[in-house]
file work36.txt (compact mmCIF, C-alpha atoms)
# COMPACT_ATOMS: atom_id res chain seq x y z
CA MET D 26 0.00 0.00 0.00
CA ARG D 27 1.14 3.55 -0.70
CA ALA D 28 0.06 6.76 1.01
CA PHE D 29 0.76 10.47 0.47
CA ILE D 30 1.59 13.34 2.79
CA PHE D 31 1.32 16.71 1.08
CA ASP D 32 2.91 20.01 1.90
CA LEU D 33 0.44 22.86 1.31
CA ASP D 34 2.03 26.16 0.11
CA GLY D 35 3.65 25.80 -3.31
CA THR D 36 2.60 22.15 -3.48
CA LEU D 37 -1.20 22.30 -3.58
CA VAL D 38 -1.88 26.07 -3.52
CA ASP D 39 -0.13 28.81 -5.50
CA THR D 40 0.99 30.97 -2.62
CA VAL D 41 4.79 30.98 -2.58
CA TYR D 42 5.45 34.26 -4.39
CA ALA D 43 3.01 36.20 -2.23
CA HIS D 44 4.62 34.64 0.86
CA VAL D 45 8.06 35.75 -0.34
CA LEU D 46 7.01 39.34 -0.89
CA ALA D 47 5.03 39.45 2.37
CA LEU D 48 7.84 38.05 4.49
CA GLN D 49 10.38 40.29 2.78
CA GLN D 50 8.27 43.37 3.51
CA ALA D 51 7.69 42.28 7.12
CA LEU D 52 11.45 41.80 7.52
CA ALA D 53 12.09 45.25 6.02
CA GLU D 54 9.69 46.79 8.56
CA ALA D 55 11.80 45.13 11.27
CA GLY D 56 14.91 46.76 9.80
CA LEU D 57 16.15 43.61 8.07
CA GLU D 58 16.81 44.02 4.35
CA VAL D 59 16.90 40.52 2.94
CA PRO D 60 16.96 39.92 -0.84
CA GLY D 61 13.90 38.18 -2.30
CA TRP D 62 15.70 35.05 -3.51
CA LEU D 63 17.04 34.33 -0.02
CA VAL D 64 13.56 34.71 1.45
CA HIS D 65 12.25 32.37 -1.26
CA ARG D 66 14.76 29.67 -0.33
CA ARG D 67 13.68 29.84 3.35
CA ILE D 68 9.91 29.73 2.82
CA GLY D 69 8.46 26.43 4.03
CA MET D 70 10.77 26.16 6.99
CA SER D 71 9.46 26.82 10.43
CA GLY D 72 8.79 30.57 10.69
CA GLY D 73 11.03 30.94 13.72
CA LEU D 74 13.84 29.02 12.06
CA SER D 75 13.66 30.98 8.82
CA ALA D 76 13.57 34.30 10.67
CA ARG D 77 16.69 33.32 12.61
CA ALA D 78 18.44 32.04 9.49
CA LEU D 79 17.67 35.21 7.55
CA ALA D 80 18.71 37.45 10.42
CA ARG D 81 21.99 35.53 10.72
CA GLU D 82 22.51 35.93 6.99
CA ILE D 83 22.58 39.70 7.40
CA GLY D 84 24.42 39.63 10.70
CA ARG D 85 22.00 40.44 13.46
CA SER D 86 19.58 38.59 15.74
CA LEU D 87 15.88 38.98 16.49
CA SER D 88 14.28 39.10 19.92
CA ALA D 89 11.30 36.86 20.71
CA ALA D 90 9.03 39.90 20.57
CA GLU D 91 10.44 40.88 17.18
CA GLN D 92 9.87 37.35 15.88
CA GLU D 93 6.27 37.37 17.04
CA ARG D 94 5.66 40.77 15.46
CA LEU D 95 7.32 39.52 12.27
CA GLN D 96 4.99 36.53 12.01
CA GLN D 97 1.98 38.72 12.60
CA ARG D 98 2.97 41.26 9.95
CA HIS D 99 3.89 38.48 7.52
CA GLY D 100 0.33 37.14 7.85
CA GLU D 101 -1.26 40.58 7.51
CA ILE D 102 0.73 41.64 4.44
CA TYR D 103 0.21 38.23 2.83
CA GLN D 104 -3.55 38.49 3.29
CA ALA D 105 -3.52 41.93 1.66
CA LEU D 106 -1.35 40.77 -1.26
CA LEU D 107 -3.28 37.60 -1.98
CA PRO D 108 -6.88 37.83 -0.80
CA VAL D 109 -7.87 34.99 -3.18
CA ARG D 110 -5.84 31.78 -3.12
CA ARG D 111 -5.77 29.49 -6.10
CA PRO D 112 -5.15 25.76 -6.17
CA LEU D 113 -2.22 24.73 -8.35
CA PRO D 114 -3.14 22.96 -11.63
CA GLY D 115 -4.43 19.48 -10.85
CA ALA D 116 -4.43 19.90 -7.05
CA ARG D 117 -8.17 19.47 -6.58
CA GLU D 118 -8.27 16.64 -9.11
CA LEU D 119 -5.36 14.87 -7.41
CA VAL D 120 -6.86 14.84 -3.93
CA GLY D 121 -10.24 13.92 -5.43
CA TRP D 122 -8.72 10.98 -7.29
CA LEU D 123 -6.88 9.72 -4.22
CA ARG D 124 -10.07 9.98 -2.20
CA GLU D 125 -12.16 8.09 -4.76
CA ASN D 126 -9.58 5.38 -5.16
CA GLY D 127 -9.00 4.82 -1.46
CA VAL D 128 -5.38 5.96 -1.37
CA PRO D 129 -4.71 7.46 2.08
CA PHE D 130 -3.39 11.00 2.23
CA GLY D 131 -2.87 13.81 4.69
CA ILE D 132 -1.50 17.35 4.80
CA ALA D 133 1.49 18.51 6.84
CA THR D 134 2.36 22.20 6.72
CA SER D 135 4.67 24.61 8.51
CA GLY D 136 1.77 27.10 8.35
CA ARG D 137 -0.67 27.82 11.16
CA HIS D 138 -4.38 28.19 11.58
CA PRO D 139 -6.08 30.52 10.72
CA ASP D 140 -3.52 31.47 8.01
CA ILE D 141 -3.88 28.13 6.25
CA ASP D 142 -7.67 27.85 6.40
CA ALA D 143 -8.33 29.73 3.15
CA SER D 144 -5.79 27.52 1.38
CA LEU D 145 -7.39 24.34 2.69
CA GLY D 146 -10.78 25.75 1.70
CA VAL D 147 -10.05 26.01 -2.02
CA LEU D 148 -8.84 22.42 -2.35
CA GLY D 149 -12.20 20.73 -1.95
CA LEU D 150 -10.81 18.41 0.71
CA PRO D 151 -13.03 15.86 2.42
CA ALA D 152 -14.19 17.00 5.87
CA ASP D 153 -12.26 14.26 7.63
CA VAL D 154 -8.89 14.92 5.99
CA ILE D 155 -5.93 14.78 8.36
CA VAL D 156 -4.12 18.13 8.60
CA VAL D 157 -1.06 18.54 10.78
CA SER D 158 0.05 22.15 11.16
CA ARG D 159 2.74 24.10 12.97
CA GLY D 160 0.76 24.28 16.18
CA ASP D 161 0.55 20.48 16.45
CA VAL D 162 4.27 19.81 16.79
CA LEU D 163 7.20 21.19 18.69
CA ARG D 164 9.49 21.64 15.70
CA ALA D 165 8.62 22.31 12.05
CA LYS D 166 10.52 21.45 8.83
CA PRO D 167 13.31 20.58 8.22
CA GLU D 168 12.70 18.57 11.41
CA PRO D 169 10.70 15.43 10.58
CA ASP D 170 8.06 15.99 13.30
CA LEU D 171 5.23 17.22 11.01
CA PHE D 172 5.50 14.24 8.70
CA LEU D 173 5.86 11.71 11.52
CA ALA D 174 2.81 13.13 13.32
CA CYS D 175 0.79 13.02 10.10
CA GLN D 176 1.83 9.45 9.31
CA GLU D 177 0.94 8.34 12.82
CA ARG D 178 -2.50 9.94 12.63
CA MET D 179 -3.07 8.36 9.21
CA GLY D 180 -2.26 4.93 10.62
CA VAL D 181 0.19 4.00 7.87
CA ARG D 182 3.82 2.87 8.02
CA ARG D 183 6.57 5.30 7.09
CA GLU D 184 7.84 2.95 4.37
CA GLU D 185 4.47 3.35 2.66
CA VAL D 186 4.55 7.14 2.53
CA TYR D 187 5.53 9.51 -0.27
CA VAL D 188 6.00 13.05 1.00
CA VAL D 189 5.10 15.55 -1.74
CA GLY D 190 6.64 19.01 -1.45
CA ASP D 191 8.00 21.94 -3.45
CA ALA D 192 10.80 23.00 -1.09
CA VAL D 193 14.15 21.51 -0.21
CA TRP D 194 13.00 21.58 3.43
CA ASP D 195 10.17 19.15 2.69
CA LEU D 196 12.53 16.70 1.03
CA LEU D 197 15.16 16.92 3.76
CA ALA D 198 12.53 16.42 6.45
CA ALA D 199 11.14 13.42 4.54
CA ARG D 200 14.54 11.76 4.45
CA ARG D 201 14.96 12.31 8.16
CA ALA D 202 11.55 10.73 8.65
CA GLY D 203 12.59 7.69 6.61
CA MET D 204 10.07 8.43 3.85
CA LEU D 205 10.44 8.73 0.08
CA SER D 206 9.63 12.11 -1.37
CA VAL D 207 8.34 13.65 -4.58
CA GLY D 208 9.43 17.18 -5.52
CA LEU D 209 7.18 19.58 -7.43
CA LEU D 210 8.51 22.55 -9.41
CA SER D 211 5.41 24.58 -8.56
CA GLY D 212 7.12 26.34 -5.66
CA GLY D 213 9.84 27.82 -7.85
CA TYR D 214 12.84 25.63 -7.01
CA GLY D 215 14.84 24.11 -9.85
CA VAL D 216 14.86 20.39 -10.72
CA ASP D 217 18.41 19.84 -9.51
CA GLU D 218 17.84 21.55 -6.19
CA LEU D 219 15.02 19.08 -5.50
CA LEU D 220 16.93 16.03 -6.73
CA GLN D 221 20.00 17.00 -4.73
CA ALA D 222 17.84 17.27 -1.62
CA GLY D 223 16.81 13.66 -2.15
CA ALA D 224 13.61 13.71 -4.21
CA PHE D 225 12.77 10.25 -5.53
CA ARG D 226 10.97 11.85 -8.50
CA VAL D 227 10.31 15.44 -9.62
CA TYR D 228 7.16 16.60 -11.45
CA ARG D 229 5.99 20.01 -12.61
CA ASP D 230 2.87 20.30 -10.49
CA PRO D 231 0.02 18.25 -8.96
CA GLN D 232 -1.44 17.61 -12.42
CA GLU D 233 1.71 15.90 -13.66
CA LEU D 234 1.92 13.92 -10.43
CA LEU D 235 -1.67 12.74 -10.94
CA ASP D 236 -0.85 11.73 -14.51
CA SER D 237 2.24 9.83 -13.31
CA LEU D 238 0.87 7.95 -10.29
CA ASP D 239 1.58 4.62 -11.94
CA GLU D 240 5.29 5.48 -11.96
CA LEU D 241 4.96 5.52 -8.18
CA GLY D 242 3.26 2.13 -7.95
CA ILE D 243 -0.33 3.31 -7.89
CA PRO D 244 -2.24 1.77 -10.81
CA LEU D 245 -4.23 4.27 -12.92
CA GLN D 246 -7.42 2.84 -14.39
CA GLY D 247 -8.35 3.39 -18.03
CA MET S 4 40.61 43.81 -21.88
CA ARG S 5 37.34 42.68 -20.32
CA ALA S 6 34.00 44.47 -20.21
CA PHE S 7 30.61 43.78 -18.58
CA ILE S 8 27.04 44.02 -19.78
CA PHE S 9 24.56 43.77 -16.93
CA ASP S 10 20.96 42.77 -16.94
CA LEU S 11 18.96 44.96 -14.51
CA ASP S 12 16.02 43.18 -12.76
CA GLY S 13 17.21 40.37 -10.49
CA THR S 14 20.83 41.11 -11.37
CA LEU S 15 21.42 44.60 -9.96
CA VAL S 16 18.04 45.42 -8.35
CA ASP S 17 15.85 43.18 -6.18
CA THR S 18 12.68 43.33 -8.23
CA VAL S 19 11.97 39.82 -9.54
CA TYR S 20 9.42 38.69 -6.95
CA ALA S 21 7.35 41.85 -7.28
CA HIS S 22 7.46 41.44 -11.07
CA VAL S 23 6.21 37.86 -10.76
CA LEU S 24 3.26 38.81 -8.58
CA ALA S 25 2.44 41.88 -10.70
CA LEU S 26 2.52 40.00 -14.00
CA GLN S 27 0.55 37.12 -12.51
CA GLN S 28 -2.16 39.49 -11.28
CA ALA S 29 -2.24 41.33 -14.62
CA LEU S 30 -2.63 37.98 -16.40
CA ALA S 31 -5.44 36.99 -14.03
CA GLU S 32 -7.25 40.24 -14.83
CA ALA S 33 -7.02 39.23 -18.50
CA GLY S 34 -8.59 35.88 -17.64
CA LEU S 35 -5.33 33.93 -17.75
CA GLU S 36 -4.59 31.94 -14.61
CA VAL S 37 -0.91 31.15 -14.74
CA PRO S 38 0.90 29.65 -11.72
CA GLY S 39 3.56 31.85 -10.10
CA TRP S 40 6.51 29.59 -10.83
CA LEU S 41 5.78 29.62 -14.57
CA VAL S 42 5.57 33.41 -14.53
CA HIS S 43 8.89 33.49 -12.64
CA ARG S 44 10.61 31.40 -15.31
CA ARG S 45 9.42 33.79 -18.05
CA ILE S 46 10.39 37.08 -16.38
CA GLY S 47 13.30 38.73 -18.18
CA MET S 48 12.14 37.69 -21.63
CA SER S 49 10.62 40.24 -23.91
CA GLY S 50 7.18 41.14 -22.47
CA GLY S 51 5.43 40.21 -25.71
CA LEU S 52 7.25 36.91 -25.93
CA SER S 53 6.54 35.94 -22.33
CA ALA S 54 2.87 36.86 -22.65
CA ARG S 55 2.56 34.69 -25.75
CA ALA S 56 4.46 31.82 -24.12
CA LEU S 57 2.32 31.94 -20.99
CA ALA S 58 -0.90 32.17 -22.96
CA ARG S 59 0.18 29.17 -25.04
CA GLU S 60 0.95 27.30 -21.85
CA ILE S 61 -2.66 27.57 -20.80
CA GLY S 62 -4.04 27.09 -24.28
CA ARG S 63 -5.29 30.41 -25.58
CA SER S 64 -3.89 33.42 -27.41
CA LEU S 65 -3.82 37.15 -26.69
CA SER S 66 -4.79 39.92 -29.09
CA ALA S 67 -2.43 42.88 -29.63
CA ALA S 68 -4.78 45.07 -27.58
CA GLU S 69 -4.80 42.52 -24.75
CA GLN S 70 -1.02 42.40 -24.79
CA GLU S 71 -0.77 46.16 -24.57
CA ARG S 72 -3.26 46.28 -21.72
CA LEU S 73 -1.34 43.49 -19.98
CA GLN S 74 1.92 45.41 -20.12
CA GLN S 75 0.26 48.52 -18.79
CA ARG S 76 -1.39 46.72 -15.87
CA HIS S 77 1.83 44.83 -15.12
CA GLY S 78 3.60 48.18 -14.74
CA GLU S 79 0.83 49.69 -12.61
CA ILE S 80 0.51 46.73 -10.23
CA TYR S 81 4.29 46.45 -9.95
CA GLN S 82 4.57 50.12 -9.00
CA ALA S 83 1.93 49.63 -6.29
CA LEU S 84 3.58 46.46 -4.93
CA LEU S 85 7.12 47.82 -4.85
CA PRO S 86 7.17 51.60 -4.57
CA VAL S 87 10.77 51.49 -3.27
CA ARG S 88 13.34 49.48 -5.22
CA ARG S 89 16.44 48.19 -3.55
CA PRO S 90 19.81 47.43 -5.10
CA LEU S 91 20.96 43.85 -4.57
CA PRO S 92 23.85 43.39 -2.12
CA GLY S 93 27.05 44.72 -3.66
CA ALA S 94 25.39 46.16 -6.78
CA ARG S 95 26.29 49.78 -6.10
CA GLU S 96 29.76 48.79 -4.96
CA LEU S 97 30.32 46.66 -8.06
CA VAL S 98 29.45 49.36 -10.58
CA GLY S 99 31.41 51.87 -8.49
CA TRP S 100 34.48 49.62 -8.51
CA LEU S 101 34.30 49.05 -12.26
CA ARG S 102 33.96 52.77 -12.84
CA GLU S 103 36.93 53.64 -10.62
CA ASN S 104 39.09 50.97 -12.18
CA GLY S 105 38.28 51.81 -15.77
CA VAL S 106 36.53 48.55 -16.63
CA PRO S 107 33.88 49.31 -19.28
CA PHE S 108 30.31 48.31 -18.52
CA GLY S 109 26.79 48.88 -19.75
CA ILE S 110 23.23 47.82 -18.96
CA ALA S 111 20.94 45.88 -21.29
CA THR S 112 17.41 45.20 -20.07
CA SER S 113 14.15 43.84 -21.47
CA GLY S 114 12.44 46.56 -19.43
CA ARG S 115 11.27 49.90 -20.76
CA HIS S 116 11.46 53.53 -19.75
CA PRO S 117 9.90 54.87 -17.56
CA ASP S 118 9.47 51.53 -15.71
CA ILE S 119 13.22 51.05 -15.36
CA ASP S 120 14.12 54.60 -14.32
CA ALA S 121 13.58 54.07 -10.58
CA SER S 122 15.75 50.94 -10.73
CA LEU S 123 18.55 52.78 -12.53
CA GLY S 124 18.20 55.60 -10.02
CA VAL S 125 19.06 53.54 -6.93
CA LEU S 126 22.28 52.13 -8.43
CA GLY S 127 24.32 55.31 -8.28
CA LEU S 128 25.32 54.95 -11.92
CA PRO S 129 27.50 57.51 -13.63
CA ALA S 130 25.52 59.93 -15.78
CA ASP S 131 27.10 58.69 -18.99
CA VAL S 132 26.43 54.98 -18.44
CA ILE S 133 25.22 53.15 -21.54
CA VAL S 134 21.73 51.71 -21.07
CA VAL S 135 20.06 49.72 -23.83
CA SER S 136 16.39 49.00 -23.15
CA ARG S 137 13.49 47.27 -24.88
CA GLY S 138 12.60 50.33 -26.92
CA ASP S 139 16.06 50.46 -28.53
CA VAL S 140 15.90 47.11 -30.31
CA LEU S 141 13.45 45.19 -32.41
CA ARG S 142 13.62 41.95 -30.41
CA ALA S 143 14.40 41.40 -26.73
CA LYS S 144 15.92 38.41 -24.91
CA PRO S 145 16.43 35.55 -25.64
CA GLU S 146 17.31 37.22 -28.96
CA PRO S 147 20.86 38.63 -28.76
CA ASP S 148 19.91 42.11 -30.00
CA LEU S 149 20.05 43.93 -26.65
CA PHE S 150 23.54 42.66 -25.84
CA LEU S 151 24.86 43.29 -29.36
CA ALA S 152 23.50 46.84 -29.36
CA CYS S 153 25.05 47.49 -25.93
CA GLN S 154 28.42 46.08 -26.97
CA GLU S 155 28.44 48.18 -30.11
CA ARG S 156 27.65 51.36 -28.20
CA MET S 157 30.35 50.52 -25.65
CA GLY S 158 32.89 50.14 -28.45
CA VAL S 159 34.25 46.80 -27.25
CA ARG S 160 34.59 43.46 -29.01
CA ARG S 161 32.15 40.67 -28.20
CA GLU S 162 34.99 38.36 -27.16
CA GLU S 163 35.81 40.86 -24.41
CA VAL S 164 32.32 40.91 -22.88
CA TYR S 165 30.91 39.06 -19.90
CA VAL S 166 27.13 39.27 -19.81
CA VAL S 167 25.88 39.17 -16.19
CA GLY S 168 22.32 37.99 -15.66
CA ASP S 169 20.03 36.12 -13.27
CA ALA S 170 17.76 34.46 -15.84
CA VAL S 171 18.23 31.63 -18.28
CA TRP S 172 17.16 34.08 -21.03
CA ASP S 173 20.16 36.31 -20.36
CA LEU S 174 22.55 33.39 -20.65
CA LEU S 175 20.97 31.99 -23.80
CA ALA S 176 21.00 35.43 -25.43
CA ALA S 177 24.66 35.86 -24.44
CA ARG S 178 25.60 32.60 -26.12
CA ARG S 179 23.78 33.62 -29.27
CA ALA S 180 25.69 36.91 -29.15
CA GLY S 181 28.99 35.02 -28.89
CA MET S 182 29.70 36.37 -25.37
CA LEU S 183 30.61 34.61 -22.14
CA SER S 184 28.12 34.96 -19.33
CA VAL S 185 28.01 35.02 -15.54
CA GLY S 186 24.87 33.80 -13.76
CA LEU S 187 23.69 35.29 -10.45
CA LEU S 188 21.37 33.45 -8.05
CA SER S 189 19.77 36.73 -6.98
CA GLY S 190 16.85 36.31 -9.40
CA GLY S 191 15.73 33.02 -7.86
CA TYR S 192 16.92 30.46 -10.41
CA GLY S 193 18.92 27.47 -9.20
CA VAL S 194 22.65 26.97 -9.87
CA ASP S 195 22.11 24.12 -12.31
CA GLU S 196 19.53 25.97 -14.35
CA LEU S 197 22.08 28.73 -14.92
CA LEU S 198 24.97 26.37 -15.65
CA GLN S 199 22.84 24.32 -18.04
CA ALA S 200 21.95 27.51 -19.91
CA GLY S 201 25.65 28.09 -20.46
CA ALA S 202 26.88 30.29 -17.60
CA PHE S 203 30.67 30.41 -17.49
CA ARG S 204 30.51 31.02 -13.73
CA VAL S 205 27.69 31.37 -11.17
CA TYR S 206 27.79 33.63 -8.11
CA ARG S 207 25.25 34.46 -5.42
CA ASP S 208 24.84 38.14 -6.11
CA PRO S 209 26.73 41.26 -7.26
CA GLN S 210 28.75 41.28 -4.02
CA GLU S 211 30.16 37.82 -4.64
CA LEU S 212 30.89 38.74 -8.24
CA LEU S 213 32.80 41.82 -7.05
CA ASP S 214 34.78 39.67 -4.62
CA SER S 215 35.56 37.19 -7.42
CA LEU S 216 36.56 39.50 -10.27
CA ASP S 217 40.06 38.08 -10.34
CA GLU S 218 38.59 34.69 -11.24
CA LEU S 219 37.35 36.42 -14.38
CA GLY S 220 40.71 37.90 -15.29
CA ILE S 221 40.25 41.31 -13.69
CA PRO S 222 43.00 41.90 -11.13
CA LEU S 223 41.76 43.07 -7.71
CA GLN S 224 44.14 45.41 -5.92
CA GLY S 225 45.06 44.96 -2.26

call {"tool": "encode", "arguments": {"input": "work36.txt", "output": "structure tokens"}}
result
Amino acid sequence: MRAFIFDLDGTLVDTVYAHVLALQQALAEAGLEVPGWLVHRRIGMSGGLSARALAREIGRSLSAAEQERLQQRHGEIYQALLPVRRPLPGARELVGWLRENGVPFGIATSGRHPDIDASLGVLGLPADVIVVSRGDVLRAKPEPDLFLACQERMGVRREEVYVVGDAVWDLLAARRAGMLSVGLLSGGYGVDELLQAGAFRVYRDPQELLDSLDELGIPLQG
Amino acid sequence: MRAFIFDLDGTLVDTVYAHVLALQQALAEAGLEVPGWLVHRRIGMSGGLSARALAREIGRSLSAAEQERLQQRHGEIYQALLPVRRPLPGARELVGWLRENGVPFGIATSGRHPDIDASLGVLGLPADVIVVSRGDVLRAKPEPDLFLACQERMGVRREEVYVVGDAVWDLLAARRAGMLSVGLLSGGYGVDELLQAGAFRVYRDPQELLDSLDELGIPLQG
């Protein structure tokens, strides 16, 4: 049996570029000028971890109060930049297909409620879908905790799981969890970055993953 | 003798992520839903070419009037998203160093006046710097016209030129122009994407290029 654990931002919903600009602007308000590409390569990590990494990159540290303010402003600016979230091509069809064909899946994201609720809303997920978010675990990606918690709640074995993510941090966390991973280009990383981080396969987006499920051992009818 | 031709957006100024979101929103207004990562990989091409490529990607075409409207809205949304443009780390220092040390350089961008004026303004360029923009040539990147026009105006030979760019389109156009190229990660492409497009060397950003000029045959004093 095979099962899937999906990352959310950049993997199922098209939110990465708005997150980059929002976090960059929130950092600038805190006096930290971080170039966009460096912010992009940190998105998908734990918010606290990425804030510390980015601050270190430019040679200063952030207090706990500054980090909290940063997260709040990130969320506010993001909401203003991207009031409507769109599923990535094939995302709704992919989760619908898995559901209909009895392939277990769950979602594990470094995001938090209520920030992630609008994204979950546009995916047409079944009401009982398992969602593990930042608030459910002590440490977010690239620690394996989110994926391990999701796998446990799904009641599957880790050898059965493919983690699907767009960021290097997803793939690194999957390896640490002892799971295979599938990289998607829909978060803006390059093919080689994903392969070098350990992706078992790389596809463009959820649509190409859906069309390629048989490559992963899941028979497609018709 | 060596000379440099610089791309502008993503190479000297930190504008790529705002361009992605602005173009994506302008496309959405025109009824074209294109995922962010695909927009990202088309930024830096000629506007007309990228619009046609993106429209083809989602299976419909754009009229000339739609393309004109798209470019206008792209510019307007971009201006609202990023009222203040920031030079990338080391960009001002790099052009200052080249100026002081008598190394010829110019700028060749797929952008247009007046959109590019604010970006040029923050770089502290000398008043007589050669800037070739979209309006000066018939065809923009990945056609070699911008780089050839810049080289001709600079009065250097093409074998002497390093083109510096963040996008695959810069590097492909450089090869077609018979020039070596340097890729920068500061536009959000991965290392391998830039190397596979023919980059002679890849650096993080203008600062690392400045620190590495002697690798390119330009002696650094001290």

call {"tool": "closest_residue", "arguments": {"input": "work36.txt", "among": "D:Cys175, D:Leu33, D:Leu46, D:Ala76", "to": "chain S", "atoms": "all atoms listed in the file"}}
result
D:Leu46

call {"tool": "residues_around", "arguments": {"input": "work36.txt", "residues": "region 51-60 of chain D", "least_positions_apart": "2", "cutoff": "10 Å", "atoms": "all atoms listed in the file", "output": "VMD selection string"}}
result
(chain D and resid 45 to 49 62 to 65 76 79 to 80 82 to 87 91 to 92 94 to 103) or (chain S and resid 13 16 to 18 20 89 to 92 189 to 191 208)

call {"tool": "atom_distance", "arguments": {"input": "work36.txt", "atom1": "CA of Met48 (chain S)", "atom2": "CA of Val185 (chain S)"}}
result
17.2 Å

call {"tool": "atom_distance", "arguments": {"input": "work36.txt", "atom1": "CA of Asp217 (chain D)", "atom2": "CA of Asp195 (chain S)"}}
result
6.3 Å

call {"tool": "atom_distance", "arguments": {"input": "work36.txt", "atom1": "CA of Ser113 (chain S)", "atom2": "CA of Leu187 (chain S)"}}
result
16.9 Å

call {"tool": "residues_around", "arguments": {"input": "work36.txt", "residues": "Gly208 (chain D)", "least_positions_apart": "2", "cutoff": "12 Å", "atoms": "all atoms listed in the file", "output": "ChimeraX atom specification"}}
result
/D:31-32,35-37,187-197,199,205-206,210-231,233-234

call {"tool": "closest_residue", "arguments": {"input": "work36.txt", "among": "D:Gln246, D:Ser144, D:Gln50, D:Gln104", "to": "chain S", "atoms": "all atoms listed in the file"}}
result
D:Gln50

call {"tool": "build_atoms", "arguments": {"input": "work36.txt", "residues": "region 41-56 of chain D", "atoms": "N, CA and C atoms", "output": "PDB file, in the coordinates of the input"}}
result
ATOM      1  N   VAL D  41       3.400  30.742  -2.960  1.00  0.00           N
ATOM      2  CA  VAL D  41       4.790  30.980  -2.580  1.00  0.00           C
ATOM      3  C   VAL D  41       5.246  32.416  -2.851  1.00  0.00           C
ATOM      4  N   TYR D  42       4.918  32.936  -4.033  1.00  0.00           N
ATOM      5  CA  TYR D  42       5.450  34.260  -4.390  1.00  0.00           C
ATOM      6  C   TYR D  42       4.863  35.367  -3.525  1.00  0.00           C
ATOM      7  N   ALA D  43       3.594  35.225  -3.153  1.00  0.00           N
ATOM      8  CA  ALA D  43       3.010  36.200  -2.230  1.00  0.00           C
ATOM      9  C   ALA D  43       3.638  36.065  -0.837  1.00  0.00           C
ATOM     10  N   HIS D  44       3.942  34.823  -0.424  1.00  0.00           N
ATOM     11  CA  HIS D  44       4.620  34.640   0.860  1.00  0.00           C
ATOM     12  C   HIS D  44       6.004  35.296   0.843  1.00  0.00           C
ATOM     13  N   VAL D  45       6.724  35.154  -0.265  1.00  0.00           N
ATOM     14  CA  VAL D  45       8.060  35.750  -0.340  1.00  0.00           C
ATOM     15  C   VAL D  45       7.974  37.263  -0.168  1.00  0.00           C
ATOM     16  N   LEU D  46       7.097  37.880  -0.939  1.00  0.00           N
ATOM     17  CA  LEU D  46       7.010  39.340  -0.890  1.00  0.00           C
ATOM     18  C   LEU D  46       6.515  39.801   0.479  1.00  0.00           C
ATOM     19  N   ALA D  47       5.569  39.069   1.069  1.00  0.00           N
ATOM     20  CA  ALA D  47       5.030  39.450   2.370  1.00  0.00           C
ATOM     21  C   ALA D  47       6.094  39.329   3.464  1.00  0.00           C
ATOM     22  N   LEU D  48       6.821  38.227   3.456  1.00  0.00           N
ATOM     23  CA  LEU D  48       7.840  38.050   4.490  1.00  0.00           C
ATOM     24  C   LEU D  48       8.981  39.056   4.296  1.00  0.00           C
ATOM     25  N   GLN D  49       9.324  39.314   3.041  1.00  0.00           N
ATOM     26  CA  GLN D  49      10.380  40.290   2.780  1.00  0.00           C
ATOM     27  C   GLN D  49       9.972  41.679   3.284  1.00  0.00           C
ATOM     28  N   GLN D  50       8.722  42.051   3.051  1.00  0.00           N
ATOM     29  CA  GLN D  50       8.270  43.370   3.510  1.00  0.00           C
ATOM     30  C   GLN D  50       8.182  43.423   5.037  1.00  0.00           C
ATOM     31  N   ALA D  51       7.744  42.317   5.652  1.00  0.00           N
ATOM     32  CA  ALA D  51       7.690  42.280   7.120  1.00  0.00           C
ATOM     33  C   ALA D  51       9.099  42.378   7.706  1.00  0.00           C
ATOM     34  N   LEU D  52      10.053  41.718   7.077  1.00  0.00           N
ATOM     35  CA  LEU D  52      11.450  41.800   7.520  1.00  0.00           C
ATOM     36  C   LEU D  52      11.975  43.232   7.366  1.00  0.00           C
ATOM     37  N   ALA D  53      11.630  43.878   6.253  1.00  0.00           N
ATOM     38  CA  ALA D  53      12.090  45.250   6.020  1.00  0.00           C
ATOM     39  C   ALA D  53      11.537  46.186   7.092  1.00  0.00           C
ATOM     40  N   GLU D  54      10.278  45.972   7.484  1.00  0.00           N
ATOM     41  CA  GLU D  54       9.690  46.790   8.560  1.00  0.00           C
ATOM     42  C   GLU D  54      10.455  46.614   9.868  1.00  0.00           C
ATOM     43  N   ALA D  55      11.023  45.409  10.064  1.00  0.00           N
ATOM     44  CA  ALA D  55      11.800  45.130  11.270  1.00  0.00           C
ATOM     45  C   ALA D  55      13.259  45.570  11.113  1.00  0.00           C
ATOM     46  N   GLY D  56      13.547  46.258  10.003  1.00  0.00           N
ATOM     47  CA  GLY D  56      14.910  46.760   9.800  1.00  0.00           C
ATOM     48  C   GLY D  56      15.851  45.757   9.170  1.00  0.00           C
TER      49      GLY D  56
END
